[in-house]
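K.L.:
My structure file my_file-v1.cif, mmCIF, C-alpha atoms, is below:
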```cif
data_my_file
loop_
_atom_site.label_atom_id
_atom_site.label_comp_id
_atom_site.auth_asym_id
_atom_site.auth_seq_id
_atom_site.Cartn_x
_atom_site.Cartn_y
_atom_site.Cartn_z
CA MET A 1 40.06 11.79 -26.93
CA PHE A 2 39.13 14.37 -24.31
CA LYS A 3 35.44 13.70 -24.93
CA LEU A 4 35.94 9.95 -24.42
CA ILE A 5 37.71 10.58 -21.13
CA ILE A 6 34.82 12.73 -19.89
CA ILE A 7 32.29 10.03 -20.83
CA ALA A 8 34.34 7.33 -19.12
CA PHE A 9 34.68 9.43 -15.99
CA THR A 10 30.91 10.08 -15.91
CA ALA A 11 30.18 6.38 -16.22
CA PHE A 12 32.69 5.56 -13.51
CA SER A 13 31.16 8.19 -11.22
CA PHE A 14 27.66 6.82 -11.74
CA PHE A 15 28.62 3.23 -11.06
CA GLY A 16 30.67 4.40 -8.10
CA CYS A 17 27.46 5.91 -6.73
CA ALA A 18 25.67 2.68 -7.50
CA GLY A 19 28.30 0.74 -5.58
CA SER A 20 27.83 3.09 -2.64
CA MET A 21 24.08 2.63 -2.95
CA ARG A 22 24.48 -1.15 -2.73
CA ILE A 23 26.48 -0.88 0.44
CA HIS A 24 24.29 1.67 2.21
CA LEU A 25 20.76 0.43 1.58
CA PRO A 26 18.93 1.27 4.85
CA GLU A 27 18.05 -1.66 7.05
CA ASN A 28 14.74 0.07 7.77
CA PRO A 29 12.51 1.19 6.21
CA LYS A 30 12.34 -1.52 3.58
CA VAL A 31 10.78 0.00 0.46
CA ALA A 32 9.29 -1.64 -2.61
CA SER A 33 8.12 -0.44 -6.01
CA TYR A 34 4.95 -1.75 -7.64
CA TRP A 35 5.89 -1.49 -11.34
CA MET A 36 2.85 -2.61 -13.34
CA SER A 37 3.96 -0.94 -16.56
CA PRO A 38 5.00 -3.36 -19.34
CA LEU A 39 7.94 -1.06 -20.10
CA MET A 40 10.95 0.06 -18.04
CA SER A 41 13.65 2.32 -19.44
CA LEU A 42 17.27 2.09 -18.33
CA GLU A 43 16.89 5.46 -16.64
CA GLU A 44 13.89 4.18 -14.70
CA ALA A 45 15.85 1.07 -13.77
CA ASP A 46 18.62 3.28 -12.37
CA SER A 47 16.10 4.88 -10.00
CA LEU A 48 14.32 1.62 -9.14
CA ALA A 49 17.63 0.01 -8.17
CA ARG A 50 17.52 2.02 -4.93
CA PHE A 51 14.58 -0.03 -3.66
CA HIS A 52 14.84 -3.21 -1.63
CA LEU A 53 12.19 -5.00 -3.71
CA VAL A 54 10.65 -4.39 -7.13
CA ILE A 55 7.54 -6.05 -8.53
CA ALA A 56 7.83 -5.73 -12.32
CA ASP A 57 5.26 -6.69 -14.93
CA MET A 58 6.25 -9.90 -16.74
CA GLU A 59 6.18 -8.09 -20.10
CA ASN A 60 9.41 -6.28 -19.16
CA LEU A 61 11.19 -9.60 -19.62
CA VAL A 62 10.54 -9.54 -23.39
CA ASN A 63 10.26 -5.78 -23.91
CA ASN A 64 13.39 -4.64 -22.07
CA ARG A 65 15.19 -7.40 -20.23
CA GLU A 66 18.30 -5.22 -20.15
CA SER A 67 16.53 -2.94 -17.66
CA LEU A 68 15.94 -5.88 -15.31
CA VAL A 69 19.59 -6.82 -15.66
CA ARG A 70 20.50 -3.23 -14.81
CA LEU A 71 18.52 -3.47 -11.56
CA LYS A 72 20.51 -6.52 -10.52
CA GLU A 73 23.85 -5.01 -11.56
CA LEU A 74 23.32 -1.83 -9.59
CA ASN A 75 21.79 -3.55 -6.57
CA PRO A 76 22.69 -7.25 -6.27
CA LYS A 77 20.65 -7.47 -3.06
CA ILE A 78 17.41 -6.36 -4.69
CA LYS A 79 14.50 -8.82 -4.79
CA LEU A 80 12.86 -8.83 -8.23
CA LEU A 81 9.38 -10.31 -8.43
CA CYS A 82 7.52 -11.03 -11.65
CA TYR A 83 4.01 -9.55 -11.78
CA SER A 84 1.12 -11.14 -13.63
CA ASN A 85 -2.65 -11.12 -13.38
CA PRO A 86 -3.78 -14.62 -14.41
CA MET A 87 -7.42 -13.80 -13.62
CA GLU A 88 -8.06 -11.24 -16.38
CA LEU A 89 -7.03 -10.24 -19.89
CA PHE A 90 -7.25 -6.94 -21.76
CA GLY A 91 -8.71 -6.81 -25.25
CA ARG A 92 -6.41 -6.85 -28.28
CA GLN A 93 -6.58 -3.09 -28.76
CA VAL A 94 -4.43 -2.35 -25.70
CA LEU A 95 -1.94 -5.20 -25.99
CA ASN A 96 0.65 -3.62 -28.30
CA ASP A 97 3.20 -3.49 -25.44
CA ARG A 98 2.08 -6.80 -23.94
CA PRO A 99 3.22 -9.61 -26.28
CA LEU A 100 2.94 -12.31 -23.61
CA GLN A 101 -0.65 -11.39 -22.77
CA LYS A 102 -1.42 -11.17 -26.48
CA GLU A 103 -0.13 -14.71 -26.93
CA VAL A 104 -2.37 -15.98 -24.12
CA LEU A 105 -5.36 -14.02 -25.45
CA THR A 106 -4.90 -15.45 -28.94
CA GLU A 107 -4.66 -19.03 -27.67
CA VAL A 108 -7.68 -18.70 -25.38
CA SER A 109 -9.81 -16.87 -27.95
CA ASP A 110 -8.97 -19.16 -30.86
CA ASN A 111 -8.64 -22.57 -29.22
CA ARG A 112 -9.77 -22.53 -25.58
CA SER A 113 -12.84 -20.30 -25.38
CA SER A 114 -14.36 -22.36 -22.56
CA TYR A 115 -11.68 -20.86 -20.29
CA TRP A 116 -13.55 -17.54 -20.14
CA LEU A 117 -15.54 -17.02 -16.94
CA LYS A 118 -19.14 -16.48 -17.97
CA GLN A 119 -22.49 -15.46 -16.58
CA PRO A 120 -25.39 -17.91 -16.93
CA ASN A 121 -26.57 -16.06 -20.06
CA GLY A 122 -23.15 -16.49 -21.68
CA ASP A 123 -21.95 -12.90 -21.21
CA PRO A 124 -18.42 -12.43 -19.85
CA VAL A 125 -17.89 -11.80 -16.15
CA VAL A 126 -16.19 -8.43 -15.67
CA PHE A 127 -14.32 -7.17 -12.61
CA TRP A 128 -11.96 -4.49 -13.97
CA ASN A 129 -13.32 -2.32 -16.78
CA GLY A 130 -11.76 -3.17 -20.12
CA MET A 131 -10.82 -6.71 -19.09
CA LYS A 132 -12.58 -10.08 -19.17
CA MET A 133 -12.22 -12.65 -16.42
CA LEU A 134 -10.86 -16.17 -16.81
CA ASN A 135 -11.91 -19.26 -14.92
CA LEU A 136 -9.28 -20.19 -12.33
CA SER A 137 -11.64 -22.55 -10.50
CA THR A 138 -11.52 -26.34 -10.54
CA LEU A 139 -14.98 -26.20 -12.18
CA CYS A 140 -13.41 -24.91 -15.40
CA PRO A 141 -13.99 -27.20 -18.40
CA ALA A 142 -10.78 -28.84 -19.57
CA VAL A 143 -9.33 -28.27 -23.04
CA LYS A 144 -6.60 -30.59 -24.34
CA GLY A 145 -6.51 -32.17 -20.90
CA GLU A 146 -5.93 -28.90 -19.04
CA GLN A 147 -8.12 -26.57 -17.04
CA TYR A 148 -7.26 -22.88 -17.33
CA SER A 149 -5.30 -22.73 -14.05
CA GLN A 150 -3.09 -25.56 -15.33
CA PHE A 151 -2.65 -24.01 -18.77
CA ILE A 152 -1.66 -20.57 -17.46
CA VAL A 153 0.71 -21.83 -14.76
CA HIS A 154 2.57 -23.96 -17.30
CA PHE A 155 2.76 -20.96 -19.64
CA LEU A 156 4.24 -18.81 -16.87
CA LEU A 157 6.75 -21.45 -15.79
CA GLU A 158 7.96 -22.15 -19.32
CA ARG A 159 7.88 -18.68 -20.89
CA VAL A 160 8.53 -16.33 -17.97
CA LEU A 161 9.58 -17.79 -14.63
CA SER A 162 12.20 -20.06 -16.22
CA ASP A 163 14.42 -16.97 -16.48
CA LYS A 164 16.75 -16.87 -13.48
CA ILE A 165 16.53 -13.10 -13.27
CA TRP A 166 13.39 -13.45 -11.15
CA ASP A 167 13.64 -13.95 -7.39
CA GLY A 168 9.93 -14.57 -7.11
CA TYR A 169 6.42 -14.15 -8.46
CA PHE A 170 3.62 -11.77 -7.53
CA MET A 171 0.09 -12.99 -8.28
CA ASP A 172 -2.44 -10.21 -8.66
CA ASN A 173 -6.01 -11.07 -7.60
CA SER A 174 -5.02 -14.04 -5.45
CA GLY A 175 -7.95 -13.88 -3.07
CA GLY A 176 -9.50 -17.25 -2.26
CA ASN A 177 -13.11 -16.34 -3.06
CA ILE A 178 -14.96 -15.07 -6.11
CA ALA A 179 -18.72 -15.42 -5.54
CA TRP A 180 -18.95 -11.73 -4.54
CA VAL A 181 -18.12 -10.79 -8.16
CA ALA A 182 -21.41 -12.41 -9.28
CA SER A 183 -23.26 -9.14 -8.57
CA TRP A 184 -20.35 -6.74 -9.13
CA LYS A 185 -20.88 -3.88 -11.61
CA GLY A 186 -23.84 -5.39 -13.42
CA ASN A 187 -22.78 -9.02 -13.44
CA ASN A 188 -25.77 -11.33 -13.10
CA GLY A 189 -24.34 -14.50 -11.62
CA ILE A 190 -21.40 -16.79 -12.43
CA ASP A 191 -21.53 -20.07 -14.35
CA ALA A 192 -18.05 -21.53 -13.84
CA ASP A 193 -18.94 -25.05 -15.01
CA ASN A 194 -20.69 -23.79 -18.17
CA ASP A 195 -23.95 -25.62 -17.50
CA GLY A 196 -26.10 -22.53 -18.11
CA ALA A 197 -27.07 -22.12 -14.43
CA ASN A 198 -25.93 -19.76 -11.70
CA ASP A 199 -23.39 -21.48 -9.43
CA ASN A 200 -23.94 -21.92 -5.72
CA GLY A 201 -21.79 -19.30 -3.98
CA SER A 202 -20.10 -21.49 -1.38
CA GLU A 203 -19.38 -24.25 -3.89
CA LEU A 204 -17.97 -21.72 -6.35
CA ASP A 205 -15.73 -20.18 -3.69
CA SER A 206 -14.45 -23.60 -2.68
CA ALA A 207 -13.63 -24.48 -6.30
CA TRP A 208 -11.96 -21.09 -6.84
CA TYR A 209 -9.84 -21.54 -3.71
CA ARG A 210 -8.71 -24.98 -4.86
CA GLY A 211 -7.84 -23.68 -8.32
CA ILE A 212 -5.63 -20.90 -6.99
CA ARG A 213 -4.06 -23.19 -4.39
CA ASP A 214 -3.16 -25.68 -7.13
CA PHE A 215 -1.80 -22.85 -9.32
CA LEU A 216 0.47 -21.56 -6.54
CA THR A 217 1.49 -25.06 -5.43
CA THR A 218 2.63 -25.88 -8.96
CA ILE A 219 4.89 -22.82 -8.95
CA ARG A 220 6.20 -23.61 -5.48
CA ASN A 221 7.01 -27.21 -6.42
CA ALA A 222 8.68 -26.15 -9.67
CA LYS A 223 10.74 -23.25 -8.27
CA GLY A 224 11.57 -24.49 -4.78
CA LYS A 225 11.30 -23.18 -1.24
CA ASP A 226 13.60 -20.18 -1.75
CA PHE A 227 11.50 -18.72 -4.58
CA ILE A 228 9.43 -15.82 -3.22
CA LEU A 229 5.66 -16.01 -3.74
CA VAL A 230 3.50 -12.99 -2.90
CA GLY A 231 -0.15 -12.23 -3.65
CA ASN A 232 -2.90 -9.80 -2.87
CA LYS A 233 -5.32 -9.20 -1.16
CA GLY A 234 -4.33 -8.98 2.51
CA SER A 235 -6.31 -11.98 3.71
CA LEU A 236 -4.65 -15.02 5.27
CA ASP A 237 -5.49 -17.18 2.24
CA PHE A 238 -2.62 -19.44 1.08
CA THR A 239 -0.18 -18.28 3.77
CA ALA A 240 -0.16 -21.62 5.63
CA ASP A 241 2.88 -23.87 5.09
CA SER A 242 4.72 -20.96 3.39
CA LEU A 243 2.81 -21.42 0.14
CA LEU A 244 2.88 -17.62 0.00
CA ASN A 245 5.73 -15.70 1.61
CA GLY A 246 3.75 -12.48 1.88
CA LYS A 247 0.66 -10.53 0.94
CA MET A 248 0.14 -7.05 -0.47
CA PHE A 249 -2.27 -4.75 1.36
CA GLU A 250 -3.15 -2.66 -1.67
CA GLU A 251 -4.24 0.90 -0.88
CA PHE A 252 -3.89 0.32 2.86
CA PRO A 253 -5.93 0.23 5.05
CA CYS A 254 -8.41 -2.24 3.54
CA ASN A 255 -11.87 -2.31 5.10
CA TYR A 256 -13.04 -5.62 3.59
CA LEU A 257 -10.94 -8.07 5.61
CA GLY A 258 -13.09 -8.24 8.76
CA ASP A 259 -13.23 -5.66 11.55
CA LYS A 260 -13.79 -2.19 10.06
CA THR A 261 -12.56 -0.12 13.04
CA ALA A 262 -10.40 2.79 11.83
CA ASP A 263 -11.32 1.87 8.26
CA GLY A 264 -9.95 -1.64 8.80
CA TRP A 265 -6.53 -0.56 10.17
CA TYR A 266 -6.56 -2.94 13.15
CA GLN A 267 -7.66 -5.93 11.07
CA CYS A 268 -5.02 -5.16 8.45
CA GLU A 269 -2.29 -4.86 11.06
CA ASP A 270 -3.34 -8.12 12.71
CA ASN A 271 -3.25 -9.92 9.35
CA TYR A 272 0.05 -8.20 8.52
CA LEU A 273 1.74 -9.88 11.46
CA HIS A 274 0.76 -13.31 10.08
CA THR A 275 1.23 -13.01 6.31
CA GLY A 276 4.97 -13.59 5.97
CA PRO A 277 8.28 -11.71 5.67
CA TYR A 278 7.65 -10.38 2.16
CA THR A 279 4.36 -8.68 2.99
CA ILE A 280 3.96 -5.26 1.35
CA VAL A 281 1.91 -2.40 2.78
CA HIS A 282 0.90 -0.26 -0.19
CA SER A 283 -0.29 3.35 -0.26
CA ARG A 284 -2.40 5.00 -2.92
CA HIS A 285 -0.89 8.06 -4.61
CA ASP A 286 -1.68 10.66 -1.95
CA LYS A 287 1.12 12.75 -0.44
CA ASP A 288 -0.91 13.41 2.73
CA HIS A 289 -1.53 9.66 3.17
CA ARG A 290 1.99 8.42 2.45
CA LEU A 291 3.62 8.98 5.85
CA PHE A 292 0.64 7.38 7.64
CA VAL A 293 0.96 4.21 5.57
CA LEU A 294 4.76 4.18 5.83
CA ALA A 295 4.52 4.43 9.63
CA SER A 296 1.88 1.67 9.62
CA ALA A 297 4.20 -0.55 7.58
CA LEU A 298 6.92 0.02 10.18
CA MET A 299 4.68 -1.44 12.87
CA GLY A 300 5.64 -4.79 11.32
CA ASN A 301 8.68 -6.14 9.47
CA GLY A 302 7.47 -6.01 5.88
CA TYR A 303 7.89 -3.57 3.01
CA PHE A 304 6.31 -0.23 2.12
CA ALA A 305 5.26 0.67 -1.44
CA TYR A 306 3.88 3.99 -2.66
CA SER A 307 1.62 4.33 -5.70
CA ASN A 308 2.07 2.37 -8.95
CA ASP A 309 4.81 2.79 -11.56
CA PHE A 310 6.52 5.25 -9.22
CA TYR A 311 10.24 5.49 -8.60
CA ARG A 312 10.74 8.71 -6.62
CA PHE A 313 12.89 8.02 -3.56
CA TYR A 314 11.67 10.17 -0.66
CA PRO A 315 14.02 11.43 2.11
CA GLU A 316 12.39 9.12 4.69
CA TYR A 317 13.59 6.12 2.69
CA GLU A 318 17.24 7.17 2.93
CA LYS A 319 17.45 7.72 6.69
CA ASN A 320 18.28 4.43 8.34
CA LEU A 321 15.97 3.76 11.29
CA GLY A 322 18.23 0.94 12.44
CA LYS A 323 17.04 -2.25 14.06
CA ALA A 324 13.59 -2.61 15.56
CA LEU A 325 13.99 -2.82 19.34
CA GLY A 326 10.77 -4.73 19.87
CA PRO A 327 7.19 -5.09 18.58
CA ALA A 328 4.75 -2.20 18.23
CA GLU A 329 3.01 -1.17 21.44
CA MET A 330 -0.28 0.58 22.02
CA LYS A 331 -0.10 3.84 23.98
CA GLU A 332 -2.96 6.20 24.96
CA ASP A 333 -4.41 6.89 21.52
CA TYR A 334 -1.60 5.78 19.21
CA TRP A 335 0.73 2.91 18.40
CA GLU A 336 4.49 3.18 18.77
CA ARG A 337 7.52 1.18 17.74
CA MET A 338 11.06 1.85 18.82
CA PHE A 339 14.05 1.58 16.48
CA SER A 340 17.69 2.12 17.34
CA HIS A 341 17.71 5.45 15.47
CA ALA A 342 14.05 6.53 15.55
CA VAL A 343 10.62 6.25 17.13
CA VAL A 344 7.66 5.60 14.81
CA ARG A 345 4.09 6.44 15.82
CA VAL A 346 0.68 5.88 14.22
CA TRP A 347 -2.73 7.33 15.10
CA PRO A 348 -5.06 4.90 13.26
CA GLU A 349 -8.32 6.80 13.73
CA GLU A 350 -6.74 10.05 12.52
CA LYS A 351 -4.85 8.35 9.67
CA ARG A 352 -1.68 10.04 10.83
CA GLY A 353 1.87 8.82 11.28
CA GLU A 354 5.22 10.28 12.25
CA ILE A 355 8.88 9.31 12.44
CA GLU A 356 10.95 10.96 15.13
CA TYR A 357 14.66 10.50 14.45
CA ARG A 358 17.18 10.30 17.32
#
```
Represent the structure of the file as structure tokens.

P.N.:
Amino acid sequence: MFKLIIIAFTAFSFFGCAGSMRIHLPENPKVASYWMSPLMSLEEADSLARFHLVIADMENLVNNRESLVRLKELNPKIKLLCYSNPMELFGRQVLNDRPLQKEVLTEVSDNRSSYWLKQPNGDPVVFWNGMKMLNLSTLCPAVKGEQYSQFIVHFLLERVLSDKIWDGYFMDNSGGNIAWVASWKGNNGIDADNDGANDNGSELDSAWYRGIRDFLTTIRNAKGKDFILVGNKGSLDFTADSLLNGKMFEEFPCNYLGDKTADGWYQCEDNYLHTGPYTIVHSRHDKDHRLFVLASALMGNGYFAYSNDFYRFYPEYEKNLGKALGPAEMKEDYWERMFSHAVVRVWPEEKRGEIEYR
């Protein structure tokens, strides 16, 4: 009996802390977790519940839905986005913890092989090592009346996004162009229409853009205006008319979006101000880089995410900066933004940031 009382008290204490956590989530900074793992334990969910937003791999829905439920129970205000990468698939040997991807792989391999994105010689197009690319363009040959972008979006809507636990969807690799991959890592052209010839780059990019736009539009129409849609990379693609509600700047700053000054910091920040309220500024796993990227994220009104599959909650996340008192302003050699409880500064060229609490 005494043991049961102790256990009950421990549980009550934990959920009491969780209730306190719900009430006292800082207004700023807004922090996100990029959880690409197909698995999430209950203990990990307890830690992730402290974040404002979590992007979780879709496989968690079938592997451990109870962990997603735990997130929502501990933090009813959390925004939970479903992650998927519709552009690529792993081989069978690494799909033991990915039953949904395995199902797609089996269907494509056995019945819809023309969905693979191929080089003119028939070899697969490869972007990420260990994965093969799929043909999201409108040039993709149809199978059973569907192109690949139509097949995969219907799969996601029926098998994954139909679950009300999701507040939104995160599309990995949602850039609007693809012709640059034709010469990436040994690829020798792209033949998206399967005619045995290398595709014209501008025509291929146009068809790829249309395919992704149609994919995202189908989700938006099915799920409604309040469903959150986010993608990467940090370009302005698909942000018009609120098709996407935000972009992820993965491993900020990105030097491939235009102006490369300060390793692309200024171009990223300019895009950041136009990519929607659920934009996420993401830092690679580098403790010396983290504060710089966090401060850069605070120059706008989006979210900050550190590393992948990472749930440590740093002290800077717990201290409430309060309301932003205005936009960021350029000073002598740094940028500054005032909050009601802090001043945040960034030196882009030095890759340095600071938060001065008041």

K.L.:
Starting from the shown file, work through the PyMOL selection byres ((chain A and resi 98) around 10) and note down what comes out as a list of chain:residue names.

P.N.:
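After applying the PyMOL selection byres ((chain A and resi 98) around 10), what remains is A:Ser37, A:Pro38, A:Leu39, A:Asp57, A:Met58, A:Glu59, A:Asn60, A:Val62, A:Asn63, A:Phe90, A:Arg92, A:Val94, A:Leu95, A:Asn96, A:Asp97, A:Pro99, A:Leu100, A:Gln101, A:Lys102, A:Glu103.
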
K.L.:
Taking all listed atoms of region 286-297 of chain A, build the axis-aligned box, pad each of the six sides by 5 Å, then write its centre and edge lengths in Å to one decimal as AutoDock Vina command-line options.

P.N.:
```
--center_x 1.5 --center_y 6.4 --center_z 3.8 --size_x 16.4 --size_y 24.0 --size_z 21.6
```

K.L.:
Apply the PyMOL selection byres ((chain A and resi 284-298) around 7) to the displayed file and report the matching residues as a list of chain:residue names.

P.N.:
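Output from the PyMOL selection byres ((chain A and resi 284-298) around 7), applied to this file: A:Pro29, A:Glu251, A:Phe252, A:Val281, A:His282, A:Ser283, A:Met299, A:Gly300, A:Asn301, A:Gly302, A:Tyr303, A:Phe304, A:Tyr306, A:Ser307, A:Val344, A:Arg345, A:Val346, A:Lys351, A:Arg352, A:Gly353, A:Glu354.
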
K.L.:
Identify the residues within 12 Å of coordinate (6.9, -20.0, -17.7) (same frame as the file), considering all atoms listed in the file, and give the answer as a PDB file with C-alpha atoms, keeping the file's coordinate frame.

P.N.:
```pdb
ATOM      1  CA  MET A  58       6.250  -9.900 -16.740  1.00  0.00           C
ATOM      2  CA  LEU A  61      11.190  -9.600 -19.620  1.00  0.00           C
ATOM      3  CA  CYS A  82       7.520 -11.030 -11.650  1.00  0.00           C
ATOM      4  CA  SER A  84       1.120 -11.140 -13.630  1.00  0.00           C
ATOM      5  CA  LEU A 100       2.940 -12.310 -23.610  1.00  0.00           C
ATOM      6  CA  VAL A 104      -2.370 -15.980 -24.120  1.00  0.00           C
ATOM      7  CA  GLN A 150      -3.090 -25.560 -15.330  1.00  0.00           C
ATOM      8  CA  PHE A 151      -2.650 -24.010 -18.770  1.00  0.00           C
ATOM      9  CA  ILE A 152      -1.660 -20.570 -17.460  1.00  0.00           C
ATOM     10  CA  VAL A 153       0.710 -21.830 -14.760  1.00  0.00           C
ATOM     11  CA  HIS A 154       2.570 -23.960 -17.300  1.00  0.00           C
ATOM     12  CA  PHE A 155       2.760 -20.960 -19.640  1.00  0.00           C
ATOM     13  CA  LEU A 156       4.240 -18.810 -16.870  1.00  0.00           C
ATOM     14  CA  LEU A 157       6.750 -21.450 -15.790  1.00  0.00           C
ATOM     15  CA  GLU A 158       7.960 -22.150 -19.320  1.00  0.00           C
ATOM     16  CA  ARG A 159       7.880 -18.680 -20.890  1.00  0.00           C
ATOM     17  CA  VAL A 160       8.530 -16.330 -17.970  1.00  0.00           C
ATOM     18  CA  LEU A 161       9.580 -17.790 -14.630  1.00  0.00           C
ATOM     19  CA  SER A 162      12.200 -20.060 -16.220  1.00  0.00           C
ATOM     20  CA  ASP A 163      14.420 -16.970 -16.480  1.00  0.00           C
ATOM     21  CA  LYS A 164      16.750 -16.870 -13.480  1.00  0.00           C
ATOM     22  CA  TRP A 166      13.390 -13.450 -11.150  1.00  0.00           C
ATOM     23  CA  TYR A 169       6.420 -14.150  -8.460  1.00  0.00           C
ATOM     24  CA  THR A 218       2.630 -25.880  -8.960  1.00  0.00           C
ATOM     25  CA  ILE A 219       4.890 -22.820  -8.950  1.00  0.00           C
ATOM     26  CA  ALA A 222       8.680 -26.150  -9.670  1.00  0.00           C
ATOM     27  CA  LYS A 223      10.740 -23.250  -8.270  1.00  0.00           C
TER      28      LYS A 223
END
```

K.L.:
Tell me which residues the PyMOL selection byres ((chain A and resi 187-199) around 12) grabs here, as a ChimeraX atom specification.

P.N.:
/A:113-128,132-142,147-148,178-186,200-208,211

K.L.:
Kindly give the distance, in Å, that separates CA of Tyr311 (chain A) and CA of Arg65 (chain A), rounded to a single decimal.

P.N.:
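Interatomic distance here is 18.1 Å.
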
K.L.:
May I ask which of the residues A:Ser41, A:Thr275, A:Asn64, A:Ser340 is the closest one to Leu229 (chain A), counting all atoms listed in the file?

P.N.:
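Among A:Ser41, A:Thr275, A:Asn64, A:Ser340, it is A:Thr275 that comes nearest to Leu229 (chain A).
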
K.L.:
Could you list, as a ChimeraX atom specification, every residue within 7 Å of Ala328 (chain A), counting all atoms listed in the file and ignoring same-chain residues fewer than 5 positions away?

P.N.:
/A:299,335-337

K.L.:
Please work out which residues fall within 6 Å of (4.6, -15.6, 6.0), coordinates as given in the file, with all atoms listed in the file counting, and return them as a ChimeraX atom specification.

P.N.:
/A:239,242,245-246,275-277

K.L.:
Which residues, written as a PyMOL selection string, have at least one atom at most 10 Å from Lys247 (chain A), with only C-alpha atoms counted and residues fewer than 4 positions away on the same chain left out?

P.N.:
chain A and resi 170-171+174+229-239+271-272+274-281+302

K.L.:
Find the spatial neighbours of Glu27 (chain A), counting all atoms listed in the file, within a cut-off of 12 Å - ignore same-chain residues fewer than 2 positions away - and output them as a list in words.

P.N.:
Arg22, Ile23, His24, Leu25, Pro29, Lys30, Val31, Phe51, His52, Lys77, Leu298, Asn301, Gly302, Tyr303, Tyr317, Glu318, Lys319, Asn320, Leu321, Gly322, Lys323, Ala324, Phe339, Ser340 and His341 of chain A

K.L.:
From the list A:Gly326, A:Gly224, A:Gly264, A:Pro76, which residue is nearest Ile165 (chain A) when using all atoms listed in the file?

P.N.:
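With all atoms listed in the file as the atom set, the closest residue is A:Pro76.
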
K.L.:
Compare A:Tyr256, A:Leu105, A:Ala305, A:Gly91 by their minimum atom-to-atom distance to Leu48 (chain A), counting all atoms listed in the file, and give me the closest one.

P.N.:
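When distances to Leu48 (chain A) are compared using all atoms listed in the file, the smallest one comes from A:Ala305.
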
K.L.:
Calculate how many Å separate CA of Leu81 (chain A) from CA of Val54 (chain A), rounding to one decimal.

P.N.:
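CA of Val54 (chain A) lies at a distance of 6.2 Å from CA of Leu81 (chain A).
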
K.L.:
So how many Å separate CA of Tyr209 (chain A) and CA of Asn177 (chain A), to one decimal?

P.N.:
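Atom-to-atom, CA of Tyr209 (chain A) and CA of Asn177 (chain A) are spaced 6.2 Å apart.
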
K.L.:
Would you fill out region 277-288 of chain A with N, CA and C atoms and return it as a PDB file, in the frame of the given file?

P.N.:
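out09.pdb was written with the following content:
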```
ATOM      1  N   PRO A 277       7.228 -12.735   5.661  1.00  0.00           N
ATOM      2  CA  PRO A 277       8.280 -11.710   5.670  1.00  0.00           C
ATOM      3  C   PRO A 277       8.293 -10.812   4.450  1.00  0.00           C
ATOM      4  N   TYR A 278       7.657 -11.210   3.361  1.00  0.00           N
ATOM      5  CA  TYR A 278       7.650 -10.380   2.160  1.00  0.00           C
ATOM      6  C   TYR A 278       6.319  -9.658   1.963  1.00  0.00           C
ATOM      7  N   THR A 279       5.607  -9.442   3.054  1.00  0.00           N
ATOM      8  CA  THR A 279       4.360  -8.680   2.990  1.00  0.00           C
ATOM      9  C   THR A 279       4.659  -7.219   2.654  1.00  0.00           C
ATOM     10  N   ILE A 280       3.781  -6.634   1.837  1.00  0.00           N
ATOM     11  CA  ILE A 280       3.960  -5.260   1.350  1.00  0.00           C
ATOM     12  C   ILE A 280       2.743  -4.442   1.729  1.00  0.00           C
ATOM     13  N   VAL A 281       2.978  -3.340   2.422  1.00  0.00           N
ATOM     14  CA  VAL A 281       1.910  -2.400   2.780  1.00  0.00           C
ATOM     15  C   VAL A 281       1.963  -1.268   1.763  1.00  0.00           C
ATOM     16  N   HIS A 282       0.910  -1.135   0.980  1.00  0.00           N
ATOM     17  CA  HIS A 282       0.900  -0.260  -0.190  1.00  0.00           C
ATOM     18  C   HIS A 282       0.006   0.951   0.037  1.00  0.00           C
ATOM     19  N   SER A 283       0.479   2.109  -0.382  1.00  0.00           N
ATOM     20  CA  SER A 283      -0.290   3.350  -0.260  1.00  0.00           C
ATOM     21  C   SER A 283      -0.742   3.829  -1.629  1.00  0.00           C
ATOM     22  N   ARG A 284      -1.957   4.329  -1.697  1.00  0.00           N
ATOM     23  CA  ARG A 284      -2.400   5.000  -2.920  1.00  0.00           C
ATOM     24  C   ARG A 284      -1.564   6.266  -3.115  1.00  0.00           C
ATOM     25  N   HIS A 285      -1.658   6.848  -4.292  1.00  0.00           N
ATOM     26  CA  HIS A 285      -0.890   8.060  -4.610  1.00  0.00           C
ATOM     27  C   HIS A 285      -1.561   9.262  -3.936  1.00  0.00           C
ATOM     28  N   ASP A 286      -1.095   9.573  -2.754  1.00  0.00           N
ATOM     29  CA  ASP A 286      -1.680  10.660  -1.950  1.00  0.00           C
ATOM     30  C   ASP A 286      -0.601  11.133  -0.981  1.00  0.00           C
ATOM     31  N   LYS A 287      -0.027  12.304  -1.239  1.00  0.00           N
ATOM     32  CA  LYS A 287       1.120  12.750  -0.440  1.00  0.00           C
ATOM     33  C   LYS A 287       0.760  12.923   1.032  1.00  0.00           C
ATOM     34  N   ASP A 288      -0.506  13.240   1.338  1.00  0.00           N
ATOM     35  CA  ASP A 288      -0.910  13.410   2.730  1.00  0.00           C
ATOM     36  C   ASP A 288      -1.145  12.069   3.427  1.00  0.00           C
TER      37      ASP A 288
END
```
